[in-house]
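Enquirer: Quick one: this structure, given as structure tokens, is what I'll be asking you about.
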Amino acid sequence: MSTVSLLLLLVGVGAVTFLYRYSMIGLFASRKLPDSVRALCRHIAPASFAALCASALFIQHGEVTLGFDSPRTWAALIAALVAWHTRNVIATIITGMLALTLLKLIL
Amino acid sequence: MHPKLVEFLAGCRDEAPLQLGVLPFGMICGIASLAAGMPAWLAQLASAIVFSGAAQLVIVQMLAVGSGAAPIGLTAGLLGVRHVLYSVSLADYVRHLPRRWRLLLAYLLTDEAYAIAILRYQAQTAAVHQSVPGTPPGNTAPGATGDAEGSPVRDLRHWYFFGCGLTLWLTWQVSTAIGIVFGATIPADWDIDFAVPLTFIALLTLLIRERANQAAAAVAALGALLLAALPYNLGLVGAIILGLMAGALSTRLARRTRLAREASQ
């Protein structure tokens, strides 16, 4: 792909991404949300991050690989336990990275 | 210190720990962009124009395997649909702001900034409702608190949101640059990319303290795996929608159980 078409592609994706982000807080801002939609909104963040977690951990090149023999799966599990008990982002990331390093040495 | 600055700095402070995960993510984006044959200046510009790690990674991954512009645009475009949902859930909180503020906050609306800002908005809305028990609901509606004359709390939470967003934006630009400049010197067997799912795990556990949100998360995670085969990342969007339905169902069941228990007493 030429540099110009690449630039156009990036501008296109950037514009679409911005329109998504601006959609409800800008384009349709004057409309009040129905109560049913607002009730669903409470679950948007947990549902999105759960789906992102699952795909980041278990999907590679469009295929599901549960990988219970993979050090990444176990390191992620350890990190999740630390996250749940400490509610500390830095502790979670550092423990997860250390766990992965150690598990790769052992396994 | 001015209250606006206090809010802004609080946003920066609460967003800061996440940068440990954003930094490697941005570096990977920079490294992968060069590897896919992008010129360095364009790789850096992409982080400012697109400003979405997931979309940028998809673009360079597909470029690397020689996909055309149309499938790349479609895939990256669909991957971003979840931002519409973030936008919906923030709509009530920022409705009162001038347009320039909404444009700015929309540009800065990323996964990690959203997660921190929404925790703040939801926590403080609850607090405002508790602290002014006799106030009619109209005065304590989210977003309206700052505008009403003589309202108990002036709403400056958009400064908090701005602090979150700007912190992440700066990290993103700097980390892309680090990836572009030093990428070649980082050994390939260092698992710096693992910091990305770790960040998502940390954020997820902050967000699932309620039963209904746990149901939403469990179903969305399962859905993401079951729908993984769908093209153009449609599976991710489908999984999130399934999760929303599970959350709503769980809320409704809990309410029905509570009503039944009250009726039987």
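Here's how to read the names in the structure tokens: chain A, B, ... by the order shown, residue numbers from 1 in each chain, ligand numbers from 1 in the order shown.
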Can you list every residue of chain A that has an atom at most 7 Å from chain B, with its nearest atom pair and the distance in Å to one decimal, using only C-alpha atoms, ordered by chain then number, as a tab-separated table?
Expert:
residue	atom	partner	partner_atom	distance
A:Leu9	CA	B:Ala69	CA	6.6
A:Leu10	CA	B:Ala46	CA	6.4
A:Val11	CA	B:Ile49	CA	6.4
A:Val13	CA	B:Gly77	CA	6.2
A:Gly14	CA	B:Val50	CA	3.9
A:Val16	CA	B:Gly77	CA	6.5
A:Thr17	CA	B:Gly80	CA	5.9
A:Phe18	CA	B:Tyr107	CA	6.0
A:Tyr20	CA	B:Val84	CA	4.8
A:Arg21	CA	B:Ala106	CA	5.0
A:Tyr22	CA	B:Ala106	CA	4.9
A:Ser23	CA	B:Val84	CA	6.4
A:Met24	CA	B:Ser87	CA	5.1
A:Ile25	CA	B:Ala91	CA	4.6
A:Gly26	CA	B:Arg102	CA	6.4
A:Ala29	CA	B:Arg95	CA	6.1
A:Leu40	CA	B:Leu244	CA	6.0
A:Cys41	CA	B:Ser89	CA	5.1
A:His43	CA	B:Leu244	CA	5.6
A:Ile44	CA	B:Leu244	CA	6.4
A:Ala45	CA	B:Ala115	CA	6.7
A:Pro46	CA	B:Ala217	CA	5.3
A:Ala47	CA	B:Ala217	CA	4.5
A:Ser48	CA	B:Ile240	CA	5.5
A:Phe49	CA	B:Leu204	CA	5.7
A:Ala50	CA	B:Ala221	CA	5.0
A:Ala51	CA	B:Ala221	CA	4.5
A:Cys53	CA	B:Phe200	CA	5.8
A:Ala54	CA	B:Ala221	CA	5.2
A:Ser55	CA	B:Ala224	CA	6.3
A:Ala56	CA	B:Pro197	CA	5.7
A:Leu57	CA	B:Pro197	CA	6.6
A:Gly62	CA	B:Ala228	CA	6.1
A:Glu63	CA	B:Ala228	CA	6.6
A:Val64	CA	B:Leu225	CA	6.3
A:Ala76	CA	B:Leu198	CA	6.8
A:Ala80	CA	B:Ile201	CA	6.1
A:Ala83	CA	B:Ala202	CA	5.4
A:Trp84	CA	B:Thr205	CA	5.7
A:Arg87	CA	B:Leu206	CA	6.4
A:Val89	CA	B:Ala202	CA	5.4
A:Ile90	CA	B:Pro17	CA	5.6
A:Thr92	CA	B:Ala202	CA	6.2
A:Ile93	CA	B:Leu198	CA	5.5
A:Gly96	CA	B:Leu198	CA	6.7
Enquirer: Residues near Ile78 (chain A), anyone? I mean within 8 Å using only C-alpha atoms, not counting same-chain ones fewer than 3 positions away, as a ChimeraX atom specification.
Expert: /A:74-75,81-82,95-96,99
Enquirer: Taking only C-alpha atoms into account, name the residue in B:Gln265, B:Ala177, B:Phe162, B:Asp189 that is nearest to Leu5 (chain B).
Expert: B:Phe162
Enquirer: Write out as a VMD selection string the set of residues from region 29-78 of chain A that DSSP, computed on the backbone, places in strand (DSSP E).
Expert: chain A and resid 59 to 60 63 to 64
Enquirer: Can you write out the residues you just picked, keeping all heavy atoms, as a PDB file, in the first residue's frame?
Expert:
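The resulting file, again_9.pdb, is reproduced below:
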ATOM      1  N   ILE A  59      -7.724 -15.819  22.628  1.00  0.00           N
ATOM      2  CA  ILE A  59      -7.928 -15.863  21.181  1.00  0.00           C
ATOM      3  C   ILE A  59      -6.647 -15.439  20.477  1.00  0.00           C
ATOM      4  O   ILE A  59      -6.093 -14.372  20.763  1.00  0.00           O
ATOM      5  CB  ILE A  59      -9.094 -14.957  20.743  1.00  0.00           C
ATOM      6  CG1 ILE A  59     -10.394 -15.451  21.374  1.00  0.00           C
ATOM      7  CG2 ILE A  59      -9.233 -14.967  19.224  1.00  0.00           C
ATOM      8  CD1 ILE A  59     -11.604 -14.634  21.035  1.00  0.00           C
ATOM      9  N   GLN A  60      -6.170 -16.323  19.623  1.00  0.00           N
ATOM     10  CA  GLN A  60      -4.986 -16.001  18.839  1.00  0.00           C
ATOM     11  C   GLN A  60      -5.275 -16.213  17.364  1.00  0.00           C
ATOM     12  O   GLN A  60      -5.731 -17.283  16.983  1.00  0.00           O
ATOM     13  CB  GLN A  60      -3.797 -16.866  19.294  1.00  0.00           C
ATOM     14  CG  GLN A  60      -3.075 -16.230  20.473  1.00  0.00           C
ATOM     15  CD  GLN A  60      -2.174 -17.212  21.181  1.00  0.00           C
ATOM     16  OE1 GLN A  60      -2.067 -18.354  20.771  1.00  0.00           O
ATOM     17  NE2 GLN A  60      -1.532 -16.760  22.241  1.00  0.00           N
ATOM     18  N   GLU A  63      -8.619 -17.682  16.512  1.00  0.00           N
ATOM     19  CA  GLU A  63      -9.010 -19.013  16.986  1.00  0.00           C
ATOM     20  C   GLU A  63      -8.877 -19.088  18.499  1.00  0.00           C
ATOM     21  O   GLU A  63      -7.963 -18.517  19.094  1.00  0.00           O
ATOM     22  CB  GLU A  63      -8.131 -20.088  16.333  1.00  0.00           C
ATOM     23  CG  GLU A  63      -8.527 -20.337  14.896  1.00  0.00           C
ATOM     24  CD  GLU A  63      -7.815 -21.535  14.317  1.00  0.00           C
ATOM     25  OE1 GLU A  63      -7.294 -22.352  15.112  1.00  0.00           O
ATOM     26  OE2 GLU A  63      -7.773 -21.643  13.090  1.00  0.00           O
ATOM     27  N   VAL A  64      -9.814 -19.814  19.119  1.00  0.00           N
ATOM     28  CA  VAL A  64      -9.801 -19.957  20.568  1.00  0.00           C
ATOM     29  C   VAL A  64      -8.755 -20.990  20.977  1.00  0.00           C
ATOM     30  O   VAL A  64      -8.768 -22.120  20.484  1.00  0.00           O
ATOM     31  CB  VAL A  64     -11.183 -20.394  21.087  1.00  0.00           C
ATOM     32  CG1 VAL A  64     -11.155 -20.568  22.600  1.00  0.00           C
ATOM     33  CG2 VAL A  64     -12.234 -19.387  20.690  1.00  0.00           C
TER      34      VAL A  64
END
Enquirer: Could you pull out all residues of region 24-122 of chain B with a DSSP call of helix (DSSP H, G or I) and give them as a ChimeraX atom specification?
Expert: /B:24-35,40-49,53-64,69-79,82-94,99-107,111-122
Enquirer: Just to confirm, what's the straight-line distance from CA of Tyr160 (chain B) to CA of Asp14 (chain B) in Å (one decimal)?
Expert: 9.2 Å
